[in-house]
Amino acid sequence: MKAKAQAHLWLAQRASAAVLGLCVLVHLATMIYAVRGGLSAADILGRTSGNAAWFAFYTVFVLAIAVHAPIGLRAILVEWAGWRGRSRDIALACFSVYLVYFGMRAVTAVFR
Amino acid sequence: MRVSVWRGGAGGAFQRFEVPRQPSQTVLDVVTYIQRVLDPTLAYRFACRVGMCGSCAMTVNGKARWTCRTHVDLVLKEKEELSIGPLRNLPVIRDLVTDMREFFDKWARAKGYFEGARTRHDDFAKVSPEGEARKQVDAAIECIGCGVCYASCDVVAWNPDYLGPAALNRAWTLVKDEREKGNAARLEAVAGDAGCHACHTHMSCTERCPKHISPTAGIAGLKRATLFS
């Protein structure tokens, strides 16, 4: 892979980590608040359904994961399994699509 | 004092020796005593004995160090006995001697050599010692190629293609050298899975470098440089 592409992967991982840091904080704080307040699943769905702000937030969350996780796995696969080259990158691109698909499926399920 | 010394190649084992303690004794003194008095077949490498040449680095009680500048007193504070082995992450030739070819070949692969634009007909380049770039070069330039950082690096152990801290540190000093003209090719050579982007920032190299250089900082600089080149 070309140096520029490698540098972009590195930047993408750092930038997505920054986004994830914020998203995880908001996500955890919301979960703890919701549980302490004694909200039921139906109550939670009642608040997320049709809420564009929550939809946008979790869409960003899912996309950041889909960027961050495969790049991290890329290094792990080289160091722990010795898997490198194009086949690894194609597998990781598929994994990224998998994360987007199932992540967005969950996001749309609570938005509907 | 009880000393365990690695004998043989990769499949070797530690051999025990009893060595008398001396005041101001260094680990290199211990190895030399063993070779001169107890077992003349012991193979090890050294030259200057004063921390200038970088050839006597070994694994002493689990850590890569210069044996000539490591006092036995200091190591025995950590543990009652001494264990001396060859540097890690390099093939063992015999006993305490490693094959450093790959280590130096990686310097070449990282384009760790100066390529200037001037000829003998040009005037000297004037480089201000106060310049920001030159200060960064100065902080990293004193490497003597002992291999301590390379032996301490986990990423080298996991990914044998990884260029390693010393080669990348050398590349960094050239990237910041304003007389250098080969940096486009150099940044191409040091980027990627085997280069600066493989570094996990564990900082073992920085912690262990006997010259107090921070290859980690240089590698971070290379990551930024590949982005903006």
# chains A, B, ... in the order shown; residues from 1 in each chain; ligands from 1

$ residues_around --residues "Ser83 in chain B" --least-positions-apart "2" --cutoff "7 Å" --atoms "only C-alpha atoms" --output "short mmCIF file (atom, residue, chain, number, x, y, z; two decimals) with N, CA and C atoms, in the first residue's frame"
data_model
loop_
_atom_site.label_atom_id
_atom_site.label_comp_id
_atom_site.auth_asym_id
_atom_site.auth_seq_id
_atom_site.Cartn_x
_atom_site.Cartn_y
_atom_site.Cartn_z
N VAL B 3 26.23 -15.98 38.44
CA VAL B 3 25.95 -15.37 37.14
C VAL B 3 25.50 -16.46 36.17
N SER B 4 24.34 -16.24 35.51
CA SER B 4 23.90 -17.16 34.46
C SER B 4 24.18 -16.52 33.11
N VAL B 5 24.88 -17.26 32.26
CA VAL B 5 25.26 -16.72 30.95
C VAL B 5 24.73 -17.64 29.86
N VAL B 60 20.56 -7.98 30.05
CA VAL B 60 21.03 -8.16 31.42
C VAL B 60 19.82 -8.15 32.35
N ASN B 61 19.61 -9.25 33.04
CA ASN B 61 18.42 -9.43 33.89
C ASN B 61 17.15 -8.98 33.17
N GLU B 81 20.79 -12.24 41.70
CA GLU B 81 21.78 -12.81 40.79
C GLU B 81 21.70 -12.16 39.42
N GLY B 85 22.31 -12.46 28.69
CA GLY B 85 21.99 -13.17 27.45
C GLY B 85 22.23 -12.28 26.25
#

$ interface_residues --of "chain A" --to "chain B" --cutoff "6 Å" --atoms "only C-alpha atoms" --output "ChimeraX atom specification"
/A:3,6-7,79

$ write_last_selection --atoms "C-alpha atoms" --output "short mmCIF file (atom, residue, chain, number, x, y, z; two decimals), in the first residue's frame"
data_model
loop_
_atom_site.label_atom_id
_atom_site.label_comp_id
_atom_site.auth_asym_id
_atom_site.auth_seq_id
_atom_site.Cartn_x
_atom_site.Cartn_y
_atom_site.Cartn_z
CA ALA A 3 2.63 5.73 1.87
CA GLN A 6 -1.16 4.34 4.94
CA ALA A 7 -0.96 7.84 6.36
CA GLU A 79 1.17 -9.13 14.32
#

$ residues_around --residues "range 18-26 of chain A" --least-positions-apart "5" --cutoff "8 Å" --atoms "only C-alpha atoms" --output "list in words"
Phe57, Phe61, Ala64 and Ile65 of chain A

$ write_last_selection --atoms "C-alpha atoms" --output "mmCIF file, in the first residue's frame"
data_model
loop_
_atom_site.group_PDB
_atom_site.id
_atom_site.type_symbol
_atom_site.label_atom_id
_atom_site.label_comp_id
_atom_site.auth_asym_id
_atom_site.auth_seq_id
_atom_site.Cartn_x
_atom_site.Cartn_y
_atom_site.Cartn_z
ATOM 1 C CA PHE A 57 -25.815 10.617 16.998
ATOM 2 C CA PHE A 61 -21.288 6.318 16.355
ATOM 3 C CA ALA A 64 -16.886 5.773 13.550
ATOM 4 C CA ILE A 65 -16.833 2.137 14.681
#

$ closest_residue --among "B:Arg69, B:Arg134, B:Lys126, B:His202" --to "Ala220 in chain B" --atoms "only C-alpha atoms"
B:His202

$ residues_around --residues "range 42-53 of chain A" --least-positions-apart "4" --cutoff "6 Å" --atoms "only C-alpha atoms" --output "mmCIF file with N, CA and C atoms, in the first residue's frame"
data_model
loop_
_atom_site.group_PDB
_atom_site.id
_atom_site.type_symbol
_atom_site.label_atom_id
_atom_site.label_comp_id
_atom_site.auth_asym_id
_atom_site.auth_seq_id
_atom_site.Cartn_x
_atom_site.Cartn_y
_atom_site.Cartn_z
ATOM 1 N N VAL A 110 -34.542 1.385 16.513
ATOM 2 C CA VAL A 110 -35.021 2.208 17.638
ATOM 3 C C VAL A 110 -35.535 3.567 17.164
ATOM 4 N N PHE A 111 -35.251 3.903 15.916
ATOM 5 C CA PHE A 111 -35.734 5.195 15.383
ATOM 6 C C PHE A 111 -37.165 5.062 14.869
ATOM 7 N N ARG A 112 -37.473 3.898 14.311
ATOM 8 C CA ARG A 112 -38.795 3.701 13.710
ATOM 9 C C ARG A 112 -39.931 3.858 14.702
#

$ select_by_dssp --residues "range 24-213 of chain B" --states "strand (DSSP E)" --output "number ranges by chain"
B: 57-60, 63-66, 82-85, 92-94, 97-98

$ residues_around --residues "Asn89 in chain B" --least-positions-apart "5" --cutoff "12 Å" --atoms "only C-alpha atoms" --output "ChimeraX atom specification"
/B:10,58-59,64,98-103,147-164

$ atom_distance --atom1 "CA of Leu99 in chain A" --atom2 "CA of Val60 in chain A"
12.6 Å

$ residues_around --residues "Val127 in chain B" --least-positions-apart "4" --cutoff "10 Å" --atoms "only C-alpha atoms" --output "list in words"
Gly131, Ala133, Arg134, Asp177, Glu178 and Arg179 of chain B

$ atom_distance --atom1 "CA of Cys68 in chain B" --atom2 "CA of Trp6 in chain B"
17.6 Å

$ select_by_dssp --residues "chain B" --states "alpha helix (DSSP H)" --output "NGL selection string"
:B and (27-33 or 72-78 or 101-109 or 132-140 or 148-152 or 154-158 or 165-175 or 183-190 or 204-208 or 215-228)

$ residues_around --residues "range 37-44 of chain B" --least-positions-apart "4" --cutoff "9 Å" --atoms "only C-alpha atoms" --output "list in words"
Arg7, Phe17, Glu18, Val19, Val31, Thr32, Tyr33, Cys56, Pro86, Arg94, Asp95, Leu96, Val97 and Thr98 of chain B

$ closest_residue --among "A:Trp10, A:Ser16, A:Tyr33, A:Tyr58" --to "Arg74 in chain A" --atoms "only C-alpha atoms"
A:Trp10

$ atom_distance --atom1 "CA of Ile144 in chain B" --atom2 "CA of Met52 in chain B"
7.4 Å

$ closest_residue --among "A:Thr30, A:Ser96, A:Thr108, A:Ser40" --to "Ile71 in chain A" --atoms "only C-alpha atoms"
A:Ser96

$ decode --residues "range 66-100 of chain A" --atoms "N, CA and C atoms" --output "CSV table (one decimal), in the first residue's frame"
chain,number,residue,atom,x,y,z
A,66,ALA,N,-17.2,1.6,12.3
A,66,ALA,CA,-16.9,0.9,11.1
A,66,ALA,C,-15.6,1.4,10.5
A,67,VAL,N,-15.1,2.6,10.8
A,67,VAL,CA,-13.8,3.1,10.4
A,67,VAL,C,-12.7,2.6,11.3
A,68,HIS,N,-13.0,2.7,12.6
A,68,HIS,CA,-11.9,2.5,13.6
A,68,HIS,C,-11.6,1.0,13.8
A,69,ALA,N,-12.6,0.1,13.9
A,69,ALA,CA,-12.3,-1.3,14.2
A,69,ALA,C,-11.5,-2.0,13.2
A,70,PRO,N,-11.9,-1.9,11.9
A,70,PRO,CA,-11.1,-2.6,10.9
A,70,PRO,C,-9.6,-2.2,10.8
A,71,ILE,N,-9.4,-0.9,11.0
A,71,ILE,CA,-8.0,-0.5,10.9
A,71,ILE,C,-7.2,-1.0,12.1
A,72,GLY,N,-7.8,-1.1,13.3
A,72,GLY,CA,-7.1,-1.7,14.4
A,72,GLY,C,-6.9,-3.2,14.2
A,73,LEU,N,-7.9,-3.9,13.7
A,73,LEU,CA,-7.8,-5.3,13.4
A,73,LEU,C,-6.7,-5.6,12.4
A,74,ARG,N,-6.5,-4.6,11.5
A,74,ARG,CA,-5.5,-4.8,10.4
A,74,ARG,C,-4.1,-5.0,11.0
A,75,ALA,N,-3.8,-4.2,12.0
A,75,ALA,CA,-2.5,-4.4,12.7
A,75,ALA,C,-2.4,-5.7,13.5
A,76,ILE,N,-3.6,-6.0,14.1
A,76,ILE,CA,-3.6,-7.2,14.9
A,76,ILE,C,-3.4,-8.5,14.0
A,77,LEU,N,-4.0,-8.4,12.9
A,77,LEU,CA,-3.9,-9.6,12.0
A,77,LEU,C,-2.5,-9.8,11.5
A,78,VAL,N,-1.8,-8.7,11.3
A,78,VAL,CA,-0.3,-8.8,10.9
A,78,VAL,C,0.5,-9.4,12.0
A,79,GLU,N,0.3,-8.8,13.2
A,79,GLU,CA,1.2,-9.1,14.3
A,79,GLU,C,0.9,-10.5,14.9
A,80,TRP,N,-0.4,-10.9,15.0
A,80,TRP,CA,-0.8,-12.1,15.7
A,80,TRP,C,-1.1,-13.3,14.7
A,81,ALA,N,-1.4,-13.0,13.5
A,81,ALA,CA,-1.8,-14.1,12.6
A,81,ALA,C,-0.9,-14.0,11.3
A,82,GLY,N,-0.1,-13.0,11.1
A,82,GLY,CA,0.8,-12.9,10.0
A,82,GLY,C,0.1,-12.8,8.7
A,83,TRP,N,-1.2,-12.3,8.8
A,83,TRP,CA,-2.0,-12.1,7.6
A,83,TRP,C,-1.8,-10.7,7.0
A,84,ARG,N,-1.3,-10.6,5.8
A,84,ARG,CA,-1.1,-9.3,5.2
A,84,ARG,C,-1.5,-9.3,3.8
A,85,GLY,N,-1.4,-8.1,3.1
A,85,GLY,CA,-1.7,-8.1,1.7
A,85,GLY,C,-3.1,-7.8,1.4
A,86,ARG,N,-3.5,-8.0,0.1
A,86,ARG,CA,-4.8,-7.6,-0.4
A,86,ARG,C,-5.9,-8.4,0.2
A,87,SER,N,-5.7,-9.7,0.3
A,87,SER,CA,-6.8,-10.5,0.8
A,87,SER,C,-7.2,-10.0,2.2
A,88,ARG,N,-6.3,-9.6,3.1
A,88,ARG,CA,-6.6,-9.1,4.4
A,88,ARG,C,-7.4,-7.8,4.3
A,89,ASP,N,-7.0,-6.9,3.4
A,89,ASP,CA,-7.7,-5.6,3.3
A,89,ASP,C,-9.1,-5.8,2.7
A,90,ILE,N,-9.3,-6.8,1.8
A,90,ILE,CA,-10.6,-7.0,1.3
A,90,ILE,C,-11.5,-7.6,2.4
A,91,ALA,N,-10.9,-8.5,3.2
A,91,ALA,CA,-11.7,-9.1,4.3
A,91,ALA,C,-12.1,-8.0,5.3
A,92,LEU,N,-11.2,-7.1,5.5
A,92,LEU,CA,-11.5,-6.0,6.5
A,92,LEU,C,-12.5,-5.0,5.9
A,93,ALA,N,-12.5,-4.8,4.6
A,93,ALA,CA,-13.5,-3.9,4.0
A,93,ALA,C,-14.9,-4.6,4.1
A,94,CYS,N,-14.9,-5.9,4.0
A,94,CYS,CA,-16.2,-6.6,4.2
A,94,CYS,C,-16.6,-6.5,5.6
A,95,PHE,N,-15.7,-6.6,6.6
A,95,PHE,CA,-16.0,-6.5,8.0
A,95,PHE,C,-16.6,-5.1,8.3
A,96,SER,N,-16.0,-4.1,7.6
A,96,SER,CA,-16.5,-2.7,7.8
A,96,SER,C,-17.9,-2.6,7.3
A,97,VAL,N,-18.2,-3.2,6.2
A,97,VAL,CA,-19.6,-3.1,5.6
A,97,VAL,C,-20.5,-3.9,6.6
A,98,TYR,N,-20.1,-5.0,7.1
A,98,TYR,CA,-20.9,-5.8,8.1
A,98,TYR,C,-21.2,-4.9,9.3
A,99,LEU,N,-20.2,-4.2,9.8
A,99,LEU,CA,-20.5,-3.3,11.0
A,99,LEU,C,-21.5,-2.2,10.7
A,100,VAL,N,-21.4,-1.6,9.5
A,100,VAL,CA,-22.3,-0.6,9.1
A,100,VAL,C,-23.7,-1.2,9.0
